[in-house]
Amino acid sequence: MSSSVVQASGLGKQYRLYPSARARLRALLAGGGAARSHWALQGASFSLRRGQCLGVVGDNGAGKSTLLKLLAGTLAPSTGTLSRHGRVTAILELGAGFHPDFTGYENLRFGAGLIGIDTAQLRALEPGIIAFSELGEAMARPVKTYSSGMVVRLAFALVTAVEPDLLIVDEALAVGDQHFQKKCVERIEQFRKNGCTIVFCSHSLYHVRQLCDVALWLDGGAQRAFGPTEEVLGGYEAHVRAQEAAQEAAPLPGVPDAAPARADARIETVRVANLDEGTPPTLQGPDLELTIEVSAPAGECPSIAMMLEQAHGVGITSTSTQRAGVRPQPLGGGRWRASVRFPALALHTGEYVVSVYLFDASGLVVYDQWMRCAQFRHVYADSTPGLVRLAHEWY
Ligand SMILES: Nc1ncnc2c1ncn2[C@@H]1O[C@H](COP(=O)(O)OP(=O)(O)OP(=O)(O)O)[C@@H](O)[C@H]1O
């Protein structure tokens with residue numbers, strides 16, 4: 001038997017938007033009408049095994065909540081199929097189903113029935129639920145007298161009283177105080193250790209990195225990527241940076257404009273070693289190695305330089321043969337070659353670009369420049385946040 005707990009195929013949710021409530025009513029009564037169709041989610045396809053933790057990421061309005069509600073069964077899909085195996089518990093809009101005039105005890109009984117806990121089971125579970133919620137005598141008060149944090153505590157304690165096969169968690173946990181958040185995360189972690197499958201939606205990429213082994217990136221309702229967390233978040237972070245830098249491609253700092261191209265002084269080829277066929281290609285292996293061939297005016301040994309920067313972000317480092325005190329290798333006929341290697345490239349997972357420069361012998365005149373001429377993806381196995389791994393020691 002397959003160990004898949006969730007299997008989604010082509011899952012989509014379409015809403016019909018009407019210009020006014022009156023138009024909506026008219027459409028309901030008479031059929032048709034001027035509805036505009038809006039796809040909150042389209043074509044989500046993935047499967048999750050027992051014990052996997054999925055992080056759902058994306059910009060505001062990307063369709064994350066819609067996907068979680070479909071998985072939880074509180075929304076019906078417009079397209080596609082979804083199969084779920086075992087007990088499903090959703091921590092969505094926590095406490096939204098509580099009745100404000102009922103006491104904590106009454107809401108507990110009422111809520112337990114809704115999530116399939118019968119009276120005998122609740123009797124056994126109730127002391128543990130109340131202890132976890134830390135509500136004590138407040139349980140006898142109407143829920144309308146509770147703070148939002150107290151409502152979340154009661155709801156979380158109830159819905160997690162029985163360990164599910166699939167746990168769906170949205171950002172509701174951000175409501176509680178730090179002490180309670182920690183308890184919630186510990187309980188979720190415990191479930192996970194016991195083999196529970198978890199779907200977790202968050203704007204905090206840090207938490208997605210900490211908790212999830214797979215991630216799904218939604219963009220405008222469409223599934224952009226699904227796979228190992230670090231690979232998906234790398235793509236999503238590049239997208240976020242691209243949006244931030246959308247207006248201008250920042251010029252590289254400190255490099256003057258190139259002189260008009262001359263036939264006898266130009267960059268001929270730039271080659272990055274060990275790239276695969278992807279778009280962008282991924283660097284295979286830990287080293288970044290670049291080989292540059294140029295033409296230079298007769299009798300002049302040029303300086304060859306390169307700059308490495310984030311594809312959508314900051315410059316990282318630059319180096320030149322002149323500064324390094326290295327003479328490019330003469331190939332004859334005014335052609336020169338230089339190679340540079342960054343052993344065990346000390347960058348975290350992300351997309352990077354290389355620009356290459358040809359300077360005169362003094363390193364002052366830019367003969368030619370190939371801006372952002374090679375883009376690649378670098379994958380570093382450890383998912384620590386940040387850009388670069390600096391040498392350091394803890395003591
Ligand atoms: N009931 C609804 N009727 C019409 N459109 C809706 C409805 N619910 C959501 N949408 C739309 O569907 C899209 C996806 O919404 P959703 O709430 O799933 O996004 P999200 O990724 O969870 O956003 P956020 O991060 O801001 O919570 C949005 O454009 C939203 O306006």
# chains A, B, ... in the order shown; residues from 1 in each chain; ligands from 1
>>> residues_near_ligand(ligand="ligand 1", cutoff="7 Å", atoms="only C-alpha atoms and all ligand atoms", output="NGL selection string")
:A and (15-17 or 38-41 or 58-67 or 221)
>>> residues_around(residues="Gly235 in chain A", least_positions_apart="6", cutoff="12 Å", atoms="only C-alpha atoms", output="PyMOL selection string")
chain A and resi 57-58+215-219+224-229+241-242+279-280+311-312+349-352+376-379
>>> closest_residue(among="A:Leu68, A:Leu122, A:Val56, A:Val151", to="Leu205 in chain A", atoms="only C-alpha atoms")
A:Val56
>>> select_by_dssp(residues="range 25-209 of chain A", states="strand (DSSP E)", output="number ranges by chain")
A: 36-49, 53-58, 79-84, 88-91, 166-169, 197-201
>>> write_last_selection(atoms="C-alpha atoms", output="PDB file, in the first residue's frame")
ATOM      1  CA  ARG A  36     -16.249  37.618 -13.300  1.00  0.00           C
ATOM      2  CA  SER A  37     -14.338  34.426 -12.718  1.00  0.00           C
ATOM      3  CA  HIS A  38     -11.370  34.475 -10.356  1.00  0.00           C
ATOM      4  CA  TRP A  39      -9.120  31.492  -9.819  1.00  0.00           C
ATOM      5  CA  ALA A  40      -7.761  31.615  -6.266  1.00  0.00           C
ATOM      6  CA  LEU A  41      -5.848  28.391  -6.969  1.00  0.00           C
ATOM      7  CA  GLN A  42      -5.100  26.469 -10.125  1.00  0.00           C
ATOM      8  CA  GLY A  43      -3.421  23.184 -10.901  1.00  0.00           C
ATOM      9  CA  ALA A  44      -1.933  22.343  -7.487  1.00  0.00           C
ATOM     10  CA  SER A  45      -0.454  18.856  -7.743  1.00  0.00           C
ATOM     11  CA  PHE A  46       1.650  17.173  -5.103  1.00  0.00           C
ATOM     12  CA  SER A  47       1.696  14.245  -2.761  1.00  0.00           C
ATOM     13  CA  LEU A  48       2.874  13.893   0.812  1.00  0.00           C
ATOM     14  CA  ARG A  49       4.073  10.817   2.595  1.00  0.00           C
ATOM     15  CA  CYS A  53       6.179  18.425   6.665  1.00  0.00           C
ATOM     16  CA  LEU A  54       5.124  20.735   3.819  1.00  0.00           C
ATOM     17  CA  GLY A  55       5.641  24.503   3.999  1.00  0.00           C
ATOM     18  CA  VAL A  56       3.352  26.557   1.747  1.00  0.00           C
ATOM     19  CA  VAL A  57       4.849  29.927   0.772  1.00  0.00           C
ATOM     20  CA  GLY A  58       3.849  32.775  -1.522  1.00  0.00           C
ATOM     21  CA  THR A  79     -11.261  21.308 -10.377  1.00  0.00           C
ATOM     22  CA  GLY A  80      -8.930  18.418  -9.682  1.00  0.00           C
ATOM     23  CA  THR A  81      -8.911  15.632  -7.175  1.00  0.00           C
ATOM     24  CA  LEU A  82      -7.764  15.348  -3.613  1.00  0.00           C
ATOM     25  CA  SER A  83      -7.356  12.216  -1.572  1.00  0.00           C
ATOM     26  CA  ARG A  84      -6.505  12.212   2.114  1.00  0.00           C
ATOM     27  CA  VAL A  88      -7.286  15.226   9.417  1.00  0.00           C
ATOM     28  CA  THR A  89      -7.033  18.086  11.883  1.00  0.00           C
ATOM     29  CA  ALA A  90      -6.916  21.701  10.746  1.00  0.00           C
ATOM     30  CA  ILE A  91      -5.760  24.583  12.865  1.00  0.00           C
ATOM     31  CA  LEU A 166      -2.581  15.013   8.763  1.00  0.00           C
ATOM     32  CA  LEU A 167      -2.232  18.308  10.616  1.00  0.00           C
ATOM     33  CA  ILE A 168      -2.911  21.555   8.751  1.00  0.00           C
ATOM     34  CA  VAL A 169      -1.643  24.714  10.423  1.00  0.00           C
ATOM     35  CA  THR A 197       2.103  14.594   8.179  1.00  0.00           C
ATOM     36  CA  ILE A 198       2.005  18.370   8.501  1.00  0.00           C
ATOM     37  CA  VAL A 199       1.040  21.169   6.134  1.00  0.00           C
ATOM     38  CA  PHE A 200       2.177  24.526   7.387  1.00  0.00           C
ATOM     39  CA  CYS A 201       1.606  27.934   5.785  1.00  0.00           C
TER      40      CYS A 201
END
>>> closest_residue(among="A:Val214, A:Ala112, A:Val270, A:Leu345", to="Tyr357 in chain A", atoms="only C-alpha atoms")
A:Val270
>>> atom_distance(atom1="CA of Glu134 in chain A", atom2="CA of Arg192 in chain A")
23.3 Å
>>> residues_around(residues="Gly116 in chain A", least_positions_apart="6", cutoff="12 Å", atoms="only C-alpha atoms", output="mmCIF file with N, CA and C atoms, in the first residue's frame")
data_model
loop_
_atom_site.group_PDB
_atom_site.id
_atom_site.type_symbol
_atom_site.label_atom_id
_atom_site.label_comp_id
_atom_site.auth_asym_id
_atom_site.auth_seq_id
_atom_site.Cartn_x
_atom_site.Cartn_y
_atom_site.Cartn_z
ATOM 1 N N ARG A 87 -7.019 10.495 9.861
ATOM 2 C CA ARG A 87 -7.675 11.601 10.569
ATOM 3 C C ARG A 87 -7.002 12.925 10.189
ATOM 4 N N VAL A 88 -7.817 13.913 9.817
ATOM 5 C CA VAL A 88 -7.286 15.226 9.417
ATOM 6 C C VAL A 88 -7.701 16.254 10.456
ATOM 7 N N THR A 89 -6.727 17.013 10.947
ATOM 8 C CA THR A 89 -7.033 18.086 11.883
ATOM 9 C C THR A 89 -6.505 19.387 11.303
ATOM 10 N N ARG A 109 -17.329 21.063 24.584
ATOM 11 C CA ARG A 109 -18.226 19.952 24.248
ATOM 12 C C ARG A 109 -18.767 20.103 22.826
ATOM 13 N N PHE A 110 -19.161 21.332 22.545
ATOM 14 C CA PHE A 110 -19.726 21.653 21.238
ATOM 15 C C PHE A 110 -18.664 21.415 20.142
ATOM 16 N N LEU A 122 -14.232 12.593 25.042
ATOM 17 C CA LEU A 122 -13.967 13.927 25.579
ATOM 18 C C LEU A 122 -13.770 13.858 27.091
ATOM 19 N N LEU A 158 -7.893 21.869 22.073
ATOM 20 C CA LEU A 158 -8.952 20.953 21.665
ATOM 21 C C LEU A 158 -8.597 20.222 20.365
ATOM 22 N N VAL A 159 -8.224 20.993 19.340
ATOM 23 C CA VAL A 159 -8.050 20.330 18.040
ATOM 24 C C VAL A 159 -6.822 19.424 18.017
ATOM 25 N N ALA A 161 -5.935 17.597 20.673
ATOM 26 C CA ALA A 161 -6.050 16.633 21.771
ATOM 27 C C ALA A 161 -5.882 15.206 21.281
ATOM 28 N N VAL A 162 -6.299 14.987 20.045
ATOM 29 C CA VAL A 162 -6.119 13.659 19.445
ATOM 30 C C VAL A 162 -5.135 13.812 18.302
ATOM 31 N N PRO A 164 -3.523 13.618 14.926
ATOM 32 C CA PRO A 164 -4.074 13.281 13.606
ATOM 33 C C PRO A 164 -3.038 12.584 12.721
#
>>> decode(residues="range 322-340 of chain A", atoms="N, CA and C atoms", output="compact mmCIF listing (two decimals), in the first residue's frame")
# COMPACT_ATOMS: atom_id res chain seq x y z
N GLN A 322 45.03 41.65 -12.12
CA GLN A 322 46.00 42.68 -11.74
C GLN A 322 46.15 42.78 -10.23
N ARG A 323 45.00 42.85 -9.53
CA ARG A 323 45.06 42.94 -8.06
C ARG A 323 45.68 41.69 -7.45
N ALA A 324 45.40 40.54 -8.08
CA ALA A 324 45.92 39.28 -7.53
C ALA A 324 47.39 39.07 -7.91
N GLY A 325 47.92 39.97 -8.76
CA GLY A 325 49.32 39.84 -9.17
C GLY A 325 49.56 38.64 -10.07
N VAL A 326 48.55 38.32 -10.87
CA VAL A 326 48.65 37.15 -11.75
C VAL A 326 48.65 37.63 -13.20
N ARG A 327 49.49 37.01 -14.01
CA ARG A 327 49.54 37.38 -15.43
C ARG A 327 48.68 36.40 -16.22
N PRO A 328 47.68 36.90 -17.01
CA PRO A 328 46.90 35.96 -17.82
C PRO A 328 47.83 35.18 -18.74
N GLN A 329 47.33 34.03 -19.15
CA GLN A 329 48.14 33.13 -19.99
C GLN A 329 48.05 33.59 -21.45
N PRO A 330 49.20 33.86 -22.10
CA PRO A 330 49.16 34.31 -23.50
C PRO A 330 48.81 33.14 -24.43
N LEU A 331 47.87 33.37 -25.35
CA LEU A 331 47.47 32.31 -26.28
C LEU A 331 48.02 32.59 -27.68
N GLY A 332 48.69 33.71 -27.85
CA GLY A 332 49.21 34.10 -29.16
C GLY A 332 48.21 34.95 -29.91
N GLY A 333 48.72 35.80 -30.79
CA GLY A 333 47.84 36.64 -31.62
C GLY A 333 47.05 37.64 -30.80
N GLY A 334 47.62 38.09 -29.69
CA GLY A 334 46.93 39.11 -28.87
C GLY A 334 45.82 38.54 -28.00
N ARG A 335 45.72 37.21 -27.93
CA ARG A 335 44.66 36.61 -27.12
C ARG A 335 45.24 36.13 -25.78
N TRP A 336 44.40 36.22 -24.75
CA TRP A 336 44.83 35.87 -23.39
C TRP A 336 43.72 35.07 -22.71
N ARG A 337 44.15 34.24 -21.78
CA ARG A 337 43.16 33.45 -21.02
C ARG A 337 43.48 33.54 -19.53
N ALA A 338 42.43 33.63 -18.71
CA ALA A 338 42.61 33.56 -17.25
C ALA A 338 41.49 32.72 -16.66
N SER A 339 41.85 31.93 -15.68
CA SER A 339 40.84 31.13 -14.97
C SER A 339 40.88 31.49 -13.49
N VAL A 340 39.73 31.44 -12.89
CA VAL A 340 39.67 31.71 -11.44
C VAL A 340 38.79 30.66 -10.79
